[in-house]
>>> print(open('my_file-v9.txt').read())   # compact mmCIF, N, CA and C atoms
# COMPACT_ATOMS: atom_id res chain seq x y z
N MET C 1 95.74 80.60 109.37
CA MET C 1 95.39 79.65 110.40
C MET C 1 95.10 80.35 111.72
N SER C 2 95.98 81.30 112.12
CA SER C 2 95.79 81.97 113.41
C SER C 2 94.53 82.82 113.40
N GLU C 3 94.18 83.39 112.23
CA GLU C 3 92.93 84.16 112.16
C GLU C 3 91.73 83.25 112.43
N HIS C 4 91.78 82.05 111.88
CA HIS C 4 90.72 81.08 112.10
C HIS C 4 90.63 80.70 113.58
N LEU C 5 91.77 80.47 114.22
CA LEU C 5 91.77 80.13 115.65
C LEU C 5 91.27 81.30 116.49
N ASN C 6 91.65 82.53 116.12
CA ASN C 6 91.15 83.69 116.86
C ASN C 6 89.64 83.78 116.78
N ARG C 7 89.08 83.52 115.59
CA ARG C 7 87.63 83.53 115.44
C ARG C 7 86.98 82.44 116.28
N LEU C 8 87.61 81.27 116.31
CA LEU C 8 87.08 80.18 117.12
C LEU C 8 87.09 80.54 118.60
N MET C 9 88.17 81.15 119.07
CA MET C 9 88.26 81.52 120.48
C MET C 9 87.18 82.54 120.84
N CYS C 10 86.93 83.47 119.93
CA CYS C 10 85.90 84.47 120.20
C CYS C 10 84.52 83.84 120.26
N SER C 11 84.27 82.85 119.41
CA SER C 11 82.93 82.28 119.36
C SER C 11 82.75 81.07 120.27
N CYS C 12 83.80 80.31 120.54
CA CYS C 12 83.65 79.06 121.28
C CYS C 12 84.41 79.01 122.60
N GLY C 13 85.37 79.87 122.77
CA GLY C 13 86.20 79.79 123.97
C GLY C 13 85.55 80.44 125.17
N ARG C 14 86.13 80.21 126.34
CA ARG C 14 85.68 80.90 127.55
C ARG C 14 86.89 81.11 128.43
N ASP C 15 87.01 82.31 128.94
CA ASP C 15 88.13 82.68 129.81
C ASP C 15 89.48 82.45 129.13
N GLY C 16 89.54 82.74 127.83
CA GLY C 16 90.80 82.62 127.11
C GLY C 16 91.21 81.20 126.81
N VAL C 17 90.34 80.22 127.03
CA VAL C 17 90.66 78.82 126.75
C VAL C 17 89.85 78.38 125.55
N LEU C 18 90.51 77.89 124.55
CA LEU C 18 89.83 77.38 123.37
C LEU C 18 89.62 75.89 123.55
N LEU C 19 88.37 75.47 123.43
CA LEU C 19 88.04 74.05 123.53
C LEU C 19 88.18 73.44 122.14
N VAL C 20 89.08 72.48 122.01
CA VAL C 20 89.36 71.87 120.72
C VAL C 20 88.92 70.42 120.76
N ARG C 21 88.22 70.02 119.72
CA ARG C 21 87.81 68.61 119.62
C ARG C 21 89.01 67.77 119.22
N THR C 22 89.24 66.71 119.95
CA THR C 22 90.28 65.76 119.59
C THR C 22 89.64 64.39 119.55
N SER C 23 90.27 63.49 118.89
CA SER C 23 89.72 62.15 118.77
C SER C 23 90.62 61.16 119.50
N ASP C 24 90.00 60.32 120.31
CA ASP C 24 90.79 59.29 121.00
C ASP C 24 90.45 57.91 120.45
N GLY C 25 90.00 57.88 119.22
CA GLY C 25 89.71 56.59 118.59
C GLY C 25 88.23 56.30 118.48
N ASP C 26 87.40 56.73 119.48
CA ASP C 26 85.98 56.43 119.38
C ASP C 26 85.18 57.63 118.89
N GLY C 27 85.86 58.75 118.49
CA GLY C 27 85.16 59.90 117.93
C GLY C 27 84.57 60.82 118.98
N ALA C 28 84.70 60.51 120.26
CA ALA C 28 84.12 61.37 121.28
C ALA C 28 85.02 62.58 121.49
N ALA C 29 84.41 63.71 121.71
CA ALA C 29 85.16 64.94 121.94
C ALA C 29 85.57 65.04 123.40
N PHE C 30 86.75 65.50 123.62
CA PHE C 30 87.27 65.70 124.96
C PHE C 30 87.01 67.16 125.32
N ASN C 31 86.18 67.40 126.33
CA ASN C 31 85.72 68.75 126.62
C ASN C 31 86.16 69.19 128.01
N ALA C 32 87.44 69.04 128.35
CA ALA C 32 87.93 69.46 129.65
C ALA C 32 89.07 70.42 129.46
N PRO C 33 88.83 71.70 129.72
CA PRO C 33 89.93 72.66 129.53
C PRO C 33 91.04 72.44 130.54
N GLN C 34 92.26 72.65 130.08
CA GLN C 34 93.43 72.51 130.93
C GLN C 34 93.69 73.83 131.64
N ALA C 35 94.34 73.77 132.79
CA ALA C 35 94.68 74.98 133.53
C ALA C 35 95.65 75.82 132.72
N GLU C 36 95.51 77.15 132.85
CA GLU C 36 96.40 78.04 132.12
C GLU C 36 97.79 78.00 132.73
N SER C 37 98.78 78.19 131.89
CA SER C 37 100.16 78.23 132.38
C SER C 37 100.40 79.57 133.07
N PRO C 38 101.44 79.65 133.91
CA PRO C 38 101.72 80.92 134.58
C PRO C 38 102.03 82.01 133.55
N PRO C 39 101.71 83.25 133.86
CA PRO C 39 101.94 84.32 132.89
C PRO C 39 103.44 84.49 132.61
N MET C 40 103.73 84.89 131.38
CA MET C 40 105.12 85.10 130.99
C MET C 40 105.62 86.39 131.62
N SER C 41 106.93 86.45 131.87
CA SER C 41 107.49 87.63 132.53
C SER C 41 107.68 88.80 131.57
N THR C 42 107.72 88.54 130.26
CA THR C 42 107.88 89.64 129.31
C THR C 42 106.53 90.27 129.04
N SER C 43 106.54 91.57 128.82
CA SER C 43 105.29 92.27 128.56
C SER C 43 104.89 92.08 127.10
N ALA C 44 103.60 92.22 126.85
CA ALA C 44 103.08 92.08 125.50
C ALA C 44 103.54 93.27 124.67
N PRO C 45 103.74 93.08 123.37
CA PRO C 45 104.17 94.20 122.54
C PRO C 45 103.07 95.27 122.48
N THR C 46 103.49 96.51 122.44
CA THR C 46 102.55 97.62 122.35
C THR C 46 102.01 97.70 120.94
N PRO C 47 100.69 97.73 120.78
CA PRO C 47 100.14 97.86 119.42
C PRO C 47 100.58 99.19 118.81
N SER C 48 100.88 99.17 117.53
CA SER C 48 101.30 100.40 116.87
C SER C 48 100.65 100.48 115.50
N ARG C 49 100.75 101.64 114.89
CA ARG C 49 100.23 101.82 113.54
C ARG C 49 101.22 102.67 112.77
N LEU C 50 101.22 102.53 111.46
CA LEU C 50 102.10 103.31 110.61
C LEU C 50 101.38 104.57 110.18
N GLU C 51 102.06 105.69 110.28
CA GLU C 51 101.49 106.96 109.86
C GLU C 51 102.39 107.58 108.80
N ILE C 52 101.77 108.38 107.94
CA ILE C 52 102.49 109.06 106.87
C ILE C 52 102.51 110.54 107.18
N GLN C 53 103.68 111.14 107.10
CA GLN C 53 103.82 112.56 107.35
C GLN C 53 104.46 113.22 106.13
N ILE C 54 103.83 114.28 105.64
CA ILE C 54 104.37 115.01 104.51
C ILE C 54 105.59 115.78 105.01
N THR C 55 106.73 115.60 104.33
CA THR C 55 107.97 116.20 104.81
C THR C 55 108.53 117.26 103.88
N GLY C 56 107.77 117.66 102.88
CA GLY C 56 108.27 118.67 101.95
C GLY C 56 107.15 119.35 101.22
N ILE C 57 107.51 120.12 100.22
CA ILE C 57 106.55 120.90 99.44
C ILE C 57 106.05 120.06 98.27
N ARG C 58 104.74 120.13 98.03
CA ARG C 58 104.14 119.42 96.90
C ARG C 58 104.67 120.00 95.60
N LYS C 59 105.06 119.12 94.68
CA LYS C 59 105.58 119.52 93.38
C LYS C 59 104.62 119.08 92.29
N HIS C 60 104.54 119.86 91.22
CA HIS C 60 103.67 119.57 90.08
C HIS C 60 104.53 119.19 88.89
N VAL C 61 104.14 118.11 88.21
CA VAL C 61 104.92 117.54 87.11
C VAL C 61 103.96 117.19 85.98
N ALA C 62 104.43 117.32 84.74
CA ALA C 62 103.64 116.89 83.58
C ALA C 62 104.49 115.95 82.74
N LYS C 63 103.80 115.06 82.04
CA LYS C 63 104.47 114.11 81.15
C LYS C 63 103.67 114.02 79.87
N CYS C 64 104.35 114.03 78.75
CA CYS C 64 103.68 113.88 77.45
C CYS C 64 103.44 112.40 77.19
N ILE C 65 102.18 112.04 77.01
CA ILE C 65 101.85 110.63 76.74
C ILE C 65 101.27 110.45 75.33
N THR C 66 101.52 111.43 74.46
CA THR C 66 101.08 111.33 73.07
C THR C 66 101.78 110.15 72.41
N GLU C 67 101.02 109.33 71.71
CA GLU C 67 101.59 108.14 71.07
C GLU C 67 102.20 108.50 69.72
N ILE C 68 103.46 108.08 69.54
CA ILE C 68 104.17 108.33 68.29
C ILE C 68 104.78 107.01 67.84
N ASP C 69 104.39 106.54 66.66
CA ASP C 69 104.92 105.29 66.10
C ASP C 69 104.81 104.13 67.07
N GLY C 70 103.70 104.00 67.78
CA GLY C 70 103.45 102.86 68.66
C GLY C 70 103.97 102.99 70.08
N SER C 71 104.66 104.09 70.41
CA SER C 71 105.09 104.28 71.79
C SER C 71 104.85 105.74 72.18
N GLU C 72 104.75 105.97 73.48
CA GLU C 72 104.47 107.33 73.93
C GLU C 72 105.73 108.19 73.92
N CYS C 73 105.52 109.49 73.78
CA CYS C 73 106.63 110.46 73.76
C CYS C 73 107.45 110.32 75.04
N GLY C 74 106.81 110.42 76.20
CA GLY C 74 107.48 110.19 77.47
C GLY C 74 108.29 111.35 78.02
N VAL C 75 108.32 112.49 77.32
CA VAL C 75 109.07 113.64 77.82
C VAL C 75 108.39 114.16 79.07
N ARG C 76 109.20 114.44 80.09
CA ARG C 76 108.67 114.86 81.39
C ARG C 76 109.17 116.26 81.72
N SER C 77 108.29 117.05 82.29
CA SER C 77 108.67 118.41 82.67
C SER C 77 109.52 118.40 83.92
N ALA C 78 110.00 119.58 84.27
CA ALA C 78 110.66 119.74 85.56
C ALA C 78 109.57 119.72 86.63
N ALA C 79 109.96 119.69 87.89
CA ALA C 79 109.01 119.73 89.01
C ALA C 79 108.92 121.15 89.53
N TRP C 80 107.69 121.68 89.62
CA TRP C 80 107.48 123.05 90.06
C TRP C 80 106.55 123.11 91.26
N ASP C 81 106.62 124.24 91.97
CA ASP C 81 105.78 124.44 93.16
C ASP C 81 104.33 124.76 92.84
N THR C 82 104.06 125.27 91.64
CA THR C 82 102.68 125.63 91.28
C THR C 82 102.28 124.94 89.99
N PRO C 83 100.98 124.67 89.80
CA PRO C 83 100.54 124.00 88.57
C PRO C 83 100.60 124.93 87.35
N MET C 84 100.66 126.24 87.54
CA MET C 84 100.68 127.16 86.40
C MET C 84 101.92 126.95 85.54
N GLN C 85 103.08 126.69 86.18
CA GLN C 85 104.30 126.44 85.42
C GLN C 85 104.20 125.15 84.62
N THR C 86 103.53 124.16 85.19
CA THR C 86 103.32 122.89 84.48
C THR C 86 102.44 123.11 83.26
N ASN C 87 101.39 123.92 83.42
CA ASN C 87 100.50 124.21 82.29
C ASN C 87 101.25 124.94 81.18
N SER C 88 102.13 125.87 81.54
CA SER C 88 102.93 126.59 80.54
C SER C 88 103.84 125.62 79.79
N TRP C 89 104.47 124.70 80.52
CA TRP C 89 105.35 123.72 79.88
C TRP C 89 104.57 122.87 78.87
N MET C 90 103.35 122.42 79.25
CA MET C 90 102.55 121.60 78.34
C MET C 90 102.19 122.39 77.08
N ARG C 91 101.82 123.67 77.21
CA ARG C 91 101.49 124.49 76.05
C ARG C 91 102.71 124.64 75.13
N GLU C 92 103.88 124.89 75.71
CA GLU C 92 105.10 125.04 74.91
C GLU C 92 105.46 123.75 74.20
N HIS C 93 105.37 122.62 74.92
CA HIS C 93 105.69 121.32 74.31
C HIS C 93 104.71 121.02 73.17
N ALA C 94 103.43 121.33 73.38
CA ALA C 94 102.43 121.09 72.34
C ALA C 94 102.69 121.97 71.12
N ALA C 95 103.07 123.24 71.35
CA ALA C 95 103.36 124.14 70.23
C ALA C 95 104.59 123.68 69.46
N ASP C 96 105.61 123.19 70.16
CA ASP C 96 106.86 122.76 69.51
C ASP C 96 106.71 121.45 68.76
N THR C 97 105.91 120.51 69.28
CA THR C 97 105.87 119.15 68.73
C THR C 97 104.54 118.76 68.09
N GLY C 98 103.48 119.47 68.43
CA GLY C 98 102.15 119.08 67.95
C GLY C 98 101.50 118.01 68.82
N HIS C 99 102.14 117.64 69.90
CA HIS C 99 101.59 116.62 70.81
C HIS C 99 100.44 117.22 71.60
N LYS C 100 99.42 116.40 71.86
CA LYS C 100 98.21 116.93 72.49
C LYS C 100 97.74 116.16 73.73
N LEU C 101 98.46 115.13 74.12
CA LEU C 101 98.00 114.31 75.25
C LEU C 101 99.05 114.31 76.35
N PHE C 102 98.63 114.78 77.54
CA PHE C 102 99.54 114.92 78.67
C PHE C 102 98.93 114.31 79.93
N GLU C 103 99.79 114.04 80.88
CA GLU C 103 99.37 113.54 82.19
C GLU C 103 100.00 114.46 83.23
N LYS C 104 99.16 115.00 84.13
CA LYS C 104 99.67 115.86 85.20
C LYS C 104 99.64 115.10 86.51
N ARG C 105 100.67 115.29 87.32
CA ARG C 105 100.75 114.62 88.62
C ARG C 105 101.28 115.60 89.66
N THR C 106 100.98 115.26 90.90
CA THR C 106 101.61 115.98 92.01
C THR C 106 102.45 114.98 92.76
N GLU C 107 103.58 115.43 93.24
CA GLU C 107 104.48 114.59 94.01
C GLU C 107 104.78 115.31 95.31
N GLU C 108 104.82 114.58 96.40
CA GLU C 108 105.20 115.20 97.67
C GLU C 108 106.03 114.21 98.46
N PRO C 109 107.15 114.68 99.02
CA PRO C 109 107.99 113.80 99.82
C PRO C 109 107.30 113.48 101.14
N VAL C 110 107.33 112.22 101.51
CA VAL C 110 106.68 111.78 102.75
C VAL C 110 107.60 110.84 103.50
N SER C 111 107.35 110.73 104.81
CA SER C 111 108.03 109.76 105.66
C SER C 111 106.98 108.90 106.34
N ILE C 112 107.30 107.64 106.54
CA ILE C 112 106.40 106.74 107.26
C ILE C 112 107.06 106.41 108.58
N PHE C 113 106.30 106.54 109.66
CA PHE C 113 106.84 106.23 110.97
C PHE C 113 105.81 105.46 111.77
N SER C 114 106.29 104.76 112.78
CA SER C 114 105.44 103.95 113.64
C SER C 114 105.06 104.75 114.87
N ARG C 115 103.78 104.71 115.22
CA ARG C 115 103.28 105.43 116.38
C ARG C 115 102.43 104.46 117.19
N PRO C 116 102.49 104.53 118.52
CA PRO C 116 101.65 103.65 119.34
C PRO C 116 100.17 103.86 119.00
N ALA C 117 99.45 102.76 118.88
CA ALA C 117 98.02 102.85 118.58
C ALA C 117 97.27 103.35 119.80
N GLN C 118 96.30 104.21 119.56
CA GLN C 118 95.49 104.72 120.66
C GLN C 118 94.37 103.75 120.93
N MET C 119 94.15 103.45 122.19
CA MET C 119 93.06 102.55 122.56
C MET C 119 91.76 103.33 122.57
N ARG C 120 90.74 102.77 121.98
CA ARG C 120 89.44 103.43 121.95
C ARG C 120 88.66 103.12 123.22
N ALA C 121 87.97 104.12 123.71
CA ALA C 121 87.11 103.92 124.88
C ALA C 121 85.86 103.16 124.43
N GLN C 122 85.46 102.20 125.24
CA GLN C 122 84.30 101.40 124.83
C GLN C 122 83.13 101.64 125.72
>>> encode(input="my_file-v9.txt", output="structure tokens")
Amino acid sequence: MSEHLNRLMCSCGRDGVLLVRTSDGDGAAFNAPQAESPPMSTSAPTPSRLEIQITGIRKHVAKCITEIDGSECGVRSAAWDTPMQTNSWMREHAADTGHKLFEKRTEEPVSIFSRPAQMRAQ
């Protein structure tokens, strides 16, 4: 609803006043803006945005997704700093079990924090 009103104010309003059609029984629109109220003493909230910051070392992980009897194997490797160790684990698991389908992923610890939004110059 507020998004709709914001769009109306941008397209139909003037000086921050939204002209709203009301009915007084005869269907005529009342087109007299009311005076604005005095400004509030509290300041408007500062716009902010959420940012993501990587807080650790990227880790490489592999998981066996070979289907066995209607469900996947699901065995997961340890987490390593380099993809070469993950590749070695997949080769060993394939040699031991005969499984041939794997999924490789990278994981990295992150933090999300709020930062004041920068105003763009127009």
>>> atom_distance(input="my_file-v9.txt", atom1="atom N of C:Thr86", atom2="atom N of C:Ile65")
14.7 Å
>>> axis_aligned_box(input="my_file-v9.txt", around="stretch 58-64 of chain C", padding_each_side="3 Å", output="lines of an AutoDock Vina configuration file")
center_x = 104.5
center_y = 116.3
center_z = 87.6
size_x = 8.1
size_y = 13.7
size_z = 26.8
>>> residues_around(input="my_file-v9.txt", residues="C:Lys63", least_positions_apart="6", cutoff="6 Å", atoms="only C-alpha atoms", output="list in words")
Val75, Arg76, Phe102 and Glu103 of chain C
>>> closest_residue(input="my_file-v9.txt", among="C:Ser88, C:Thr66, C:Thr55, C:Ser48", to="C:Leu101", atoms="all atoms listed in the file")
C:Thr66
>>> atom_distance(input="my_file-v9.txt", atom1="atom CA of C:Asp96", atom2="atom N of C:Trp80")
20.2 Å
>>> residues_around(input="my_file-v9.txt", residues="C:Ser111", least_positions_apart="4", cutoff="7 Å", atoms="only C-alpha atoms", output="VMD selection string")
chain C and resid 52 to 55
>>> residues_around(input="my_file-v9.txt", residues="C:Lys104", least_positions_apart="6", cutoff="9 Å", atoms="only C-alpha atoms", output="ChimeraX atom specification")
/C:60-64,83,86-87
>>> atom_distance(input="my_file-v9.txt", atom1="atom CA of C:Met84", atom2="atom CA of C:Ile57")
15.6 Å
